[in-house]
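This is protein28.txt. It holds compact mmCIF, C-alpha atoms.
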# COMPACT_ATOMS: atom_id res chain seq x y z
CA MET A 294 -27.87 -8.83 94.62
CA ALA A 295 -29.36 -5.91 92.78
CA SER A 296 -32.02 -3.24 92.96
CA ARG A 297 -34.95 -2.72 90.66
CA PHE A 298 -36.24 0.55 89.18
CA TYR A 299 -39.33 0.79 91.38
CA GLN A 300 -40.83 4.17 90.59
CA LEU A 301 -40.04 7.52 89.04
CA VAL A 302 -40.80 10.22 91.58
CA VAL A 303 -41.95 13.60 90.30
CA ASP A 304 -41.97 16.66 92.54
CA SER A 305 -45.38 18.27 92.06
CA HIS A 306 -47.40 21.30 93.05
CA ASP A 307 -50.64 19.40 92.46
CA PRO A 308 -49.94 15.65 92.59
CA GLY A 309 -53.57 14.73 91.90
CA ALA A 310 -53.85 16.78 88.73
CA LEU A 311 -50.43 15.75 87.42
CA ALA A 312 -51.20 12.07 88.14
CA GLU A 313 -54.49 12.37 86.28
CA PHE A 314 -52.65 13.82 83.25
CA TRP A 315 -50.01 11.08 83.18
CA ALA A 316 -52.48 8.25 83.82
CA ALA A 317 -54.45 9.43 80.79
CA VAL A 318 -51.33 9.79 78.61
CA LEU A 319 -50.14 6.27 79.48
CA GLY A 320 -53.54 4.57 79.69
CA GLN A 321 -52.84 3.67 83.33
CA THR A 322 -54.59 4.29 86.63
CA ALA A 323 -54.02 5.80 90.05
CA LEU A 324 -53.19 2.81 92.24
CA TYR A 325 -52.74 4.73 95.48
CA ARG A 326 -53.65 8.17 96.80
CA SER A 327 -52.74 9.88 100.04
CA GLY A 328 -52.86 13.53 100.99
CA ASP A 329 -49.59 14.39 99.31
CA GLU A 330 -48.82 11.45 97.03
CA VAL A 331 -50.43 9.63 94.10
CA ILE A 332 -48.95 6.50 92.49
CA VAL A 333 -49.80 5.72 88.85
CA GLY A 334 -49.15 2.40 87.16
CA ALA A 335 -50.58 -0.32 84.94
CA ASP A 336 -51.03 -2.52 87.99
CA GLU A 337 -49.28 -2.86 91.32
CA HIS A 338 -46.75 -5.40 90.04
CA SER A 339 -45.71 -3.54 86.88
CA TYR A 340 -42.57 -1.58 87.74
CA PRO A 341 -41.74 1.20 87.50
CA GLY A 342 -44.69 3.26 88.64
CA LEU A 343 -44.90 7.03 88.57
CA CYS A 344 -45.14 8.66 91.98
CA PHE A 345 -46.30 12.27 92.19
CA VAL A 346 -45.39 13.90 95.49
CA LEU A 347 -46.26 17.31 96.85
CA VAL A 348 -43.07 19.38 97.04
CA PRO A 349 -42.96 23.13 97.61
CA GLY A 350 -40.82 25.19 95.29
CA GLY A 351 -41.01 25.68 91.56
CA ARG A 352 -39.09 24.35 88.64
CA VAL A 353 -36.27 26.78 87.88
CA VAL A 354 -34.27 25.06 85.16
CA LYS A 355 -34.79 22.43 82.48
CA ASN A 356 -34.95 19.01 84.15
CA ARG A 357 -31.88 16.80 83.79
CA LEU A 358 -34.14 13.73 83.70
CA HIS A 359 -37.03 13.38 81.28
CA THR A 360 -39.25 10.66 79.91
CA ASP A 361 -39.45 9.49 76.31
CA LEU A 362 -42.74 7.98 75.21
CA ASP A 363 -43.27 5.33 72.53
CA PRO A 364 -46.67 6.14 71.01
CA ASP A 365 -49.08 3.91 69.15
CA GLY A 366 -48.92 6.67 66.57
CA GLN A 367 -47.01 9.91 66.93
CA GLU A 368 -49.36 11.80 64.65
CA ALA A 369 -52.48 10.63 66.45
CA GLU A 370 -50.98 11.29 69.88
CA VAL A 371 -49.53 14.72 69.14
CA GLU A 372 -50.89 16.13 65.88
CA GLY A 373 -54.31 14.71 66.72
CA GLU A 374 -53.81 16.66 69.92
CA ARG A 375 -54.76 13.83 72.28
CA ILE A 376 -51.85 14.54 74.65
CA ILE A 377 -52.07 18.29 74.13
CA GLY A 378 -55.79 18.06 74.79
CA LEU A 379 -54.98 16.40 78.11
CA GLY A 380 -52.97 19.43 79.19
CA ALA A 381 -49.53 19.26 77.58
CA ARG A 382 -47.99 22.06 75.52
CA ARG A 383 -45.24 22.15 72.92
CA ALA A 384 -41.80 22.98 74.32
CA ASP A 385 -38.56 24.23 72.82
CA VAL A 386 -35.43 22.86 74.42
CA GLY A 387 -33.29 23.68 71.41
CA GLN A 388 -34.19 20.54 69.52
CA GLY A 389 -34.22 22.38 66.19
CA ASP A 390 -36.14 21.39 63.08
CA GLY A 391 -36.20 18.01 61.43
CA VAL A 392 -35.86 15.79 64.49
CA SER A 393 -38.03 12.68 64.60
CA TRP A 394 -39.44 13.38 68.06
CA VAL A 395 -41.81 15.99 69.44
CA VAL A 396 -40.94 17.82 72.65
CA LEU A 397 -43.86 18.57 74.96
CA ALA A 398 -44.17 19.80 78.53
CA ASP A 399 -46.65 18.43 81.04
CA PRO A 400 -49.01 20.73 82.98
CA GLU A 401 -46.24 21.56 85.47
CA GLY A 402 -43.64 22.20 82.78
CA ASN A 403 -41.74 18.90 82.89
CA GLU A 404 -40.40 18.24 79.42
CA PHE A 405 -41.00 14.88 77.73
CA CYS A 406 -40.62 13.57 74.19
CA VAL A 407 -43.04 11.66 72.02
CA LEU A 408 -40.88 9.57 69.72
CA ALA A 409 -41.71 8.02 66.41
CA PRO A 410 -43.10 4.52 67.18
CA HIS A 411 -40.40 2.04 68.20
CA ARG A 412 -40.22 -1.72 68.13
CA SER A 413 -37.57 -2.08 70.82
CA LEU A 414 -35.10 -0.08 72.89
CA VAL A 415 -32.52 -0.38 70.13
CA ALA A 416 -34.62 -0.07 66.97
CA MET B 152 -54.57 4.92 71.71
CA ALA B 153 -51.88 5.53 74.27
CA SER B 154 -48.16 5.97 74.70
CA ARG B 155 -45.78 3.80 76.68
CA PHE B 156 -43.00 4.91 79.03
CA TYR B 157 -40.14 4.03 76.69
CA GLN B 158 -37.04 5.32 78.43
CA LEU B 159 -35.87 7.66 81.13
CA VAL B 160 -33.36 10.06 79.62
CA VAL B 161 -30.60 11.39 81.85
CA ASP B 162 -28.49 14.39 80.82
CA SER B 163 -24.88 13.38 81.43
CA HIS B 164 -21.37 14.74 81.31
CA ASP B 165 -19.98 11.24 80.82
CA PRO B 166 -22.74 8.98 79.46
CA GLY B 167 -20.48 5.92 79.37
CA ALA B 168 -19.42 6.13 83.00
CA LEU B 169 -22.91 6.94 84.26
CA ALA B 170 -24.38 4.07 82.22
CA GLU B 171 -21.81 1.71 83.68
CA PHE B 172 -22.77 2.78 87.21
CA TRP B 173 -26.51 2.33 86.64
CA ALA B 174 -26.14 -0.96 84.77
CA ALA B 175 -24.23 -2.33 87.76
CA VAL B 176 -26.77 -0.98 90.28
CA LEU B 177 -29.70 -2.53 88.39
CA GLY B 178 -27.97 -5.69 87.20
CA GLN B 179 -28.61 -4.69 83.58
CA THR B 180 -26.47 -4.13 80.52
CA ALA B 181 -25.60 -1.51 77.94
CA LEU B 182 -27.79 -2.43 74.96
CA TYR B 183 -26.63 0.37 72.67
CA ARG B 184 -23.72 2.79 72.52
CA SER B 185 -23.02 5.68 70.22
CA GLY B 186 -20.66 8.61 70.57
CA ASP B 187 -22.95 10.58 72.83
CA GLU B 188 -25.58 8.11 74.03
CA VAL B 189 -25.74 4.81 75.94
CA ILE B 190 -28.97 2.85 76.52
CA VAL B 191 -29.18 0.52 79.53
CA GLY B 192 -31.87 -2.10 80.04
CA ALA B 193 -32.59 -5.70 80.97
CA ASP B 194 -33.18 -6.50 77.29
CA GLU B 195 -34.37 -4.55 74.31
CA HIS B 196 -38.03 -5.35 74.91
CA SER B 197 -38.15 -4.47 78.62
CA TYR B 198 -39.39 -0.90 78.87
CA PRO B 199 -38.44 1.54 80.16
CA GLY B 200 -34.73 1.69 79.47
CA LEU B 201 -32.34 4.28 80.82
CA CYS B 202 -30.78 6.50 78.19
CA PHE B 203 -27.70 8.53 79.12
CA VAL B 204 -27.06 11.39 76.72
CA LEU B 205 -24.19 13.82 76.54
CA VAL B 206 -25.46 17.29 77.45
CA PRO B 207 -23.27 20.27 78.22
CA GLY B 208 -24.02 22.24 81.35
CA GLY B 209 -24.02 21.22 84.97
CA ARG B 210 -26.69 20.35 87.45
CA VAL B 211 -27.60 23.53 89.34
CA VAL B 212 -30.54 22.50 91.51
CA LYS B 213 -32.01 19.35 93.03
CA ASN B 214 -33.70 17.35 90.28
CA ARG B 215 -37.49 17.44 90.22
CA LEU B 216 -37.53 13.84 88.97
CA HIS B 217 -35.72 11.03 90.74
CA THR B 218 -35.73 7.26 90.82
CA ASP B 219 -36.69 5.05 93.73
CA LEU B 220 -35.10 1.61 93.84
CA ASP B 221 -36.55 -1.56 95.34
CA PRO B 222 -33.54 -3.50 96.64
CA ASP B 223 -33.16 -7.20 97.30
CA GLY B 224 -31.97 -6.01 100.68
CA GLN B 225 -31.53 -2.39 101.72
CA GLU B 226 -28.79 -3.19 104.20
CA ALA B 227 -26.80 -5.27 101.74
CA GLU B 228 -27.19 -2.72 98.97
CA VAL B 229 -26.39 0.38 101.03
CA GLU B 230 -24.88 -0.53 104.39
CA GLY B 231 -22.89 -3.28 102.69
CA GLU B 232 -21.76 -0.46 100.44
CA ARG B 233 -22.40 -2.26 97.16
CA ILE B 234 -24.02 0.79 95.56
CA ILE B 235 -21.67 3.22 97.31
CA GLY B 236 -18.78 1.06 96.18
CA LEU B 237 -20.01 1.50 92.61
CA GLY B 238 -19.68 5.27 92.90
CA ALA B 239 -22.71 6.63 94.75
CA ARG B 240 -22.54 8.85 97.82
CA ARG B 241 -25.00 9.64 100.59
CA ALA B 242 -27.08 12.77 99.99
CA ASP B 243 -29.09 15.08 102.21
CA VAL B 244 -32.22 16.49 100.61
CA GLY B 245 -33.79 17.31 103.95
CA GLN B 246 -35.15 13.82 104.50
CA GLY B 247 -34.45 13.99 108.25
CA ASP B 248 -33.89 11.07 110.57
CA GLY B 249 -36.02 8.00 110.91
CA VAL B 250 -37.23 7.65 107.34
CA SER B 251 -37.33 4.14 105.90
CA TRP B 252 -35.38 5.01 102.76
CA VAL B 253 -31.79 5.98 102.11
CA VAL B 254 -31.00 8.95 99.86
CA LEU B 255 -27.96 8.56 97.63
CA ALA B 256 -26.56 10.51 94.69
CA ASP B 257 -25.10 8.93 91.59
CA PRO B 258 -21.62 9.88 90.30
CA GLU B 259 -23.04 12.99 88.58
CA GLY B 260 -25.06 14.06 91.63
CA ASN B 261 -28.51 12.81 90.60
CA GLU B 262 -30.39 11.92 93.77
CA PHE B 263 -32.10 8.53 94.11
CA CYS B 264 -33.60 6.58 96.99
CA VAL B 265 -33.05 3.00 98.05
CA LEU B 266 -36.28 1.95 99.72
CA ALA B 267 -36.93 -0.81 102.16
CA PRO B 268 -37.80 -3.91 100.06
CA HIS B 269 -41.30 -3.75 98.58
CA ARG B 270 -43.68 -6.40 97.35
CA SER B 271 -45.69 -4.16 95.05
CA LEU B 272 -46.23 -0.53 94.07
CA VAL B 273 -48.77 -0.16 96.86
CA ALA B 274 -47.30 -2.29 99.65

Mind converting the file's structure to structure tokens?
Amino acid sequence: MASRFYQLVVDSHDPGALAEFWAAVLGQTALYRSGDEVIVGADEHSYPGLCFVLVPGGRVVKNRLHTDLDPDGQEAEVEGERIIGLGARRADVGQGDGVSWVVLADPEGNEFCVLAPHRSLVA
Amino acid sequence: MASRFYQLVVDSHDPGALAEFWAAVLGQTALYRSGDEVIVGADEHSYPGLCFVLVPGGRVVKNRLHTDLDPDGQEAEVEGERIIGLGARRADVGQGDGVSWVVLADPEGNEFCVLAPHRSLVA
């Protein structure tokens, strides 16, 4: 008996726009759309999806949960400005200089990190 | 060119205890431990992992990101108190009566939902 990580739900002011941003970042697609919810994933059987839901109220503090991305190439994704061109901006969460990752914020201010490319969760 | 969802990072007061809770909920294991970080996953090549990092400062508002879980059986997982027995508690985020999911909070107060069992991201 167990439970699977089904989807990461993100409170959103504009679920459609935020879903479009994240689908482009991850090379995925919108699998489902309703009036107040958009689900993004590689396909319907690849868990977890990302679920953007319309929630009133703004972000008031740094999120306690954030995503780390494993890029094909950090330089191409960030310095080449692909992800920034999609609507992200650089963010300062006190990471300091000389860290191997880049901190960005999505169009609604949710922080995420683009790591140096990884080969596994532990390397 | 794209980036993959590598891990979900969770700010934690006690990364070890929170990792132990989530590994038990998901039937996964701690793949990596350092002084201030524990990574949980099915195996090192199954993205995304969950990464619990030591971060000072408490949770002050409802998280804007949360996880939804797809259980083998909602009743067994929640009503049978498996997940509650592991350290979760019921939470009220204004979900009201009659919704198909159950809202819980992990030992550090991070809200998550246990859905009715799903067959896919869109069904």

Report as a PyMOL selection string all protein, DNA and RNA residues lying within 10 Å of His306 (chain A), evaluated on only C-alpha atoms, omitting residues in the same chain fewer than 2 positions from it. chain A and resi 303-304+308-311+329+345-352+401

Once you count only C-alpha atoms, which residues of chain B turn out to be within 7 Å of chain A? Could you give them as a PDB file with C-alpha atoms, in the coordinates of the input?
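Output below, filename result_1.pdb:
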ATOM      1  CA  MET B 152     -54.570   4.920  71.710  1.00  0.00           C
ATOM      2  CA  ALA B 153     -51.880   5.530  74.270  1.00  0.00           C
ATOM      3  CA  SER B 154     -48.160   5.970  74.700  1.00  0.00           C
ATOM      4  CA  ARG B 155     -45.780   3.800  76.680  1.00  0.00           C
ATOM      5  CA  PHE B 156     -43.000   4.910  79.030  1.00  0.00           C
ATOM      6  CA  TYR B 157     -40.140   4.030  76.690  1.00  0.00           C
ATOM      7  CA  GLN B 158     -37.040   5.320  78.430  1.00  0.00           C
ATOM      8  CA  LEU B 159     -35.870   7.660  81.130  1.00  0.00           C
ATOM      9  CA  VAL B 160     -33.360  10.060  79.620  1.00  0.00           C
ATOM     10  CA  VAL B 161     -30.600  11.390  81.850  1.00  0.00           C
ATOM     11  CA  ASP B 162     -28.490  14.390  80.820  1.00  0.00           C
ATOM     12  CA  VAL B 176     -26.770  -0.980  90.280  1.00  0.00           C
ATOM     13  CA  LEU B 177     -29.700  -2.530  88.390  1.00  0.00           C
ATOM     14  CA  GLY B 178     -27.970  -5.690  87.200  1.00  0.00           C
ATOM     15  CA  TYR B 183     -26.630   0.370  72.670  1.00  0.00           C
ATOM     16  CA  GLU B 195     -34.370  -4.550  74.310  1.00  0.00           C
ATOM     17  CA  HIS B 196     -38.030  -5.350  74.910  1.00  0.00           C
ATOM     18  CA  GLY B 200     -34.730   1.690  79.470  1.00  0.00           C
ATOM     19  CA  ASN B 214     -33.700  17.350  90.280  1.00  0.00           C
ATOM     20  CA  ARG B 215     -37.490  17.440  90.220  1.00  0.00           C
ATOM     21  CA  LEU B 216     -37.530  13.840  88.970  1.00  0.00           C
ATOM     22  CA  HIS B 217     -35.720  11.030  90.740  1.00  0.00           C
ATOM     23  CA  THR B 218     -35.730   7.260  90.820  1.00  0.00           C
ATOM     24  CA  ASP B 219     -36.690   5.050  93.730  1.00  0.00           C
ATOM     25  CA  LEU B 220     -35.100   1.610  93.840  1.00  0.00           C
ATOM     26  CA  ASP B 221     -36.550  -1.560  95.340  1.00  0.00           C
ATOM     27  CA  PRO B 222     -33.540  -3.500  96.640  1.00  0.00           C
ATOM     28  CA  ASP B 223     -33.160  -7.200  97.300  1.00  0.00           C
ATOM     29  CA  SER B 271     -45.690  -4.160  95.050  1.00  0.00           C
ATOM     30  CA  LEU B 272     -46.230  -0.530  94.070  1.00  0.00           C
ATOM     31  CA  VAL B 273     -48.770  -0.160  96.860  1.00  0.00           C
TER      32      VAL B 273
END

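Of note, CA of Gly260 (chain B) and CA of Val244 (chain B) are spaced 11.7 Å apart.
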
For each of A:Glu330, A:Asp307, A:Glu368, A:Asp385, take the minimum atom-to-atom distance to Ala409 (chain A), counting only C-alpha atoms, then give the residue where this is smallest.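 Among A:Glu330, A:Asp307, A:Glu368, A:Asp385, it is A:Glu368 that comes nearest to Ala409 (chain A).
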
Could you tell me how far CA of Phe172 (chain B) sits from CA of Asp248 (chain B), in Å to one decimal place?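 One can read the CA of Asp248 (chain B) to CA of Phe172 (chain B) distance as 27.2 Å.
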
Could you fit chain A onto chain B with a least-squares superposition over all C-alpha atoms, matched one to one in order, and give me the transformed chain as a CSV table (one decimal) with C-alpha atoms, in the coordinates of the input?
chain,number,residue,atom,x,y,z
A,294,MET,CA,-54.6,4.9,71.7
A,295,ALA,CA,-51.9,5.5,74.3
A,296,SER,CA,-48.2,6.0,74.7
A,297,ARG,CA,-45.8,3.8,76.7
A,298,PHE,CA,-43.0,4.9,79.0
A,299,TYR,CA,-40.1,4.0,76.7
A,300,GLN,CA,-37.0,5.3,78.4
A,301,LEU,CA,-35.9,7.7,81.1
A,302,VAL,CA,-33.4,10.1,79.6
A,303,VAL,CA,-30.6,11.4,81.8
A,304,ASP,CA,-28.5,14.4,80.8
A,305,SER,CA,-24.9,13.4,81.4
A,306,HIS,CA,-21.4,14.7,81.3
A,307,ASP,CA,-20.0,11.2,80.8
A,308,PRO,CA,-22.7,9.0,79.5
A,309,GLY,CA,-20.5,5.9,79.4
A,310,ALA,CA,-19.4,6.1,83.0
A,311,LEU,CA,-22.9,7.0,84.3
A,312,ALA,CA,-24.4,4.1,82.2
A,313,GLU,CA,-21.8,1.7,83.7
A,314,PHE,CA,-22.8,2.8,87.2
A,315,TRP,CA,-26.5,2.3,86.6
A,316,ALA,CA,-26.1,-1.0,84.8
A,317,ALA,CA,-24.2,-2.3,87.8
A,318,VAL,CA,-26.8,-1.0,90.3
A,319,LEU,CA,-29.7,-2.5,88.4
A,320,GLY,CA,-28.0,-5.7,87.2
A,321,GLN,CA,-28.6,-4.7,83.6
A,322,THR,CA,-26.5,-4.1,80.5
A,323,ALA,CA,-25.6,-1.5,77.9
A,324,LEU,CA,-27.8,-2.4,75.0
A,325,TYR,CA,-26.6,0.4,72.7
A,326,ARG,CA,-23.7,2.8,72.5
A,327,SER,CA,-23.0,5.7,70.2
A,328,GLY,CA,-20.7,8.6,70.6
A,329,ASP,CA,-23.0,10.6,72.8
A,330,GLU,CA,-25.6,8.1,74.0
A,331,VAL,CA,-25.7,4.8,75.9
A,332,ILE,CA,-29.0,2.9,76.5
A,333,VAL,CA,-29.2,0.5,79.5
A,334,GLY,CA,-31.9,-2.1,80.0
A,335,ALA,CA,-32.6,-5.7,81.0
A,336,ASP,CA,-33.2,-6.5,77.3
A,337,GLU,CA,-34.4,-4.6,74.3
A,338,HIS,CA,-38.0,-5.3,74.9
A,339,SER,CA,-38.1,-4.5,78.6
A,340,TYR,CA,-39.4,-0.9,78.9
A,341,PRO,CA,-38.4,1.5,80.2
A,342,GLY,CA,-34.7,1.7,79.5
A,343,LEU,CA,-32.3,4.3,80.8
A,344,CYS,CA,-30.8,6.5,78.2
A,345,PHE,CA,-27.7,8.5,79.1
A,346,VAL,CA,-27.1,11.4,76.7
A,347,LEU,CA,-24.2,13.8,76.5
A,348,VAL,CA,-25.5,17.3,77.5
A,349,PRO,CA,-23.3,20.3,78.2
A,350,GLY,CA,-24.0,22.2,81.4
A,351,GLY,CA,-24.0,21.2,85.0
A,352,ARG,CA,-26.7,20.3,87.5
A,353,VAL,CA,-27.6,23.5,89.3
A,354,VAL,CA,-30.5,22.5,91.5
A,355,LYS,CA,-32.0,19.4,93.0
A,356,ASN,CA,-33.7,17.4,90.3
A,357,ARG,CA,-37.5,17.4,90.2
A,358,LEU,CA,-37.5,13.8,89.0
A,359,HIS,CA,-35.7,11.0,90.7
A,360,THR,CA,-35.7,7.3,90.8
A,361,ASP,CA,-36.7,5.0,93.7
A,362,LEU,CA,-35.1,1.6,93.8
A,363,ASP,CA,-36.6,-1.6,95.3
A,364,PRO,CA,-33.5,-3.5,96.6
A,365,ASP,CA,-33.2,-7.2,97.3
A,366,GLY,CA,-32.0,-6.0,100.7
A,367,GLN,CA,-31.5,-2.4,101.7
A,368,GLU,CA,-28.8,-3.2,104.2
A,369,ALA,CA,-26.8,-5.3,101.7
A,370,GLU,CA,-27.2,-2.7,99.0
A,371,VAL,CA,-26.4,0.4,101.0
A,372,GLU,CA,-24.9,-0.5,104.4
A,373,GLY,CA,-22.9,-3.3,102.7
A,374,GLU,CA,-21.8,-0.5,100.5
A,375,ARG,CA,-22.4,-2.3,97.2
A,376,ILE,CA,-24.0,0.8,95.6
A,377,ILE,CA,-21.7,3.2,97.3
A,378,GLY,CA,-18.8,1.1,96.2
A,379,LEU,CA,-20.0,1.5,92.6
A,380,GLY,CA,-19.7,5.3,92.9
A,381,ALA,CA,-22.7,6.6,94.7
A,382,ARG,CA,-22.5,8.9,97.8
A,383,ARG,CA,-25.0,9.6,100.6
A,384,ALA,CA,-27.1,12.8,100.0
A,385,ASP,CA,-29.1,15.1,102.2
A,386,VAL,CA,-32.2,16.5,100.6
A,387,GLY,CA,-33.8,17.3,103.9
A,388,GLN,CA,-35.2,13.8,104.5
A,389,GLY,CA,-34.4,14.0,108.2
A,390,ASP,CA,-33.9,11.1,110.6
A,391,GLY,CA,-36.0,8.0,110.9
A,392,VAL,CA,-37.2,7.6,107.3
A,393,SER,CA,-37.3,4.1,105.9
A,394,TRP,CA,-35.4,5.0,102.8
A,395,VAL,CA,-31.8,6.0,102.1
A,396,VAL,CA,-31.0,8.9,99.8
A,397,LEU,CA,-28.0,8.6,97.6
A,398,ALA,CA,-26.6,10.5,94.7
A,399,ASP,CA,-25.1,8.9,91.6
A,400,PRO,CA,-21.6,9.9,90.3
A,401,GLU,CA,-23.0,13.0,88.6
A,402,GLY,CA,-25.1,14.1,91.6
A,403,ASN,CA,-28.5,12.8,90.6
A,404,GLU,CA,-30.4,11.9,93.8
A,405,PHE,CA,-32.1,8.5,94.1
A,406,CYS,CA,-33.6,6.6,97.0
A,407,VAL,CA,-33.1,3.0,98.0
A,408,LEU,CA,-36.3,2.0,99.7
A,409,ALA,CA,-36.9,-0.8,102.2
A,410,PRO,CA,-37.8,-3.9,100.1
A,411,HIS,CA,-41.3,-3.8,98.6
A,412,ARG,CA,-43.7,-6.4,97.4
A,413,SER,CA,-45.7,-4.2,95.0
A,414,LEU,CA,-46.2,-0.5,94.1
A,415,VAL,CA,-48.8,-0.2,96.9
A,416,ALA,CA,-47.3,-2.3,99.7

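Straight-line separation from CA of Val371 (chain A) to CA of Val331 (chain A): 25.5 Å.
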
Expected axis-aligned box over every listed atom of region 180-184 of chain B, 8 Å added per side, centre plus edges in Å to one decimal, as JSON:
{"center_x": -25.8, "center_y": -0.7, "center_z": 76.5, "size_x": 20.1, "size_y": 22.9, "size_z": 24.0}
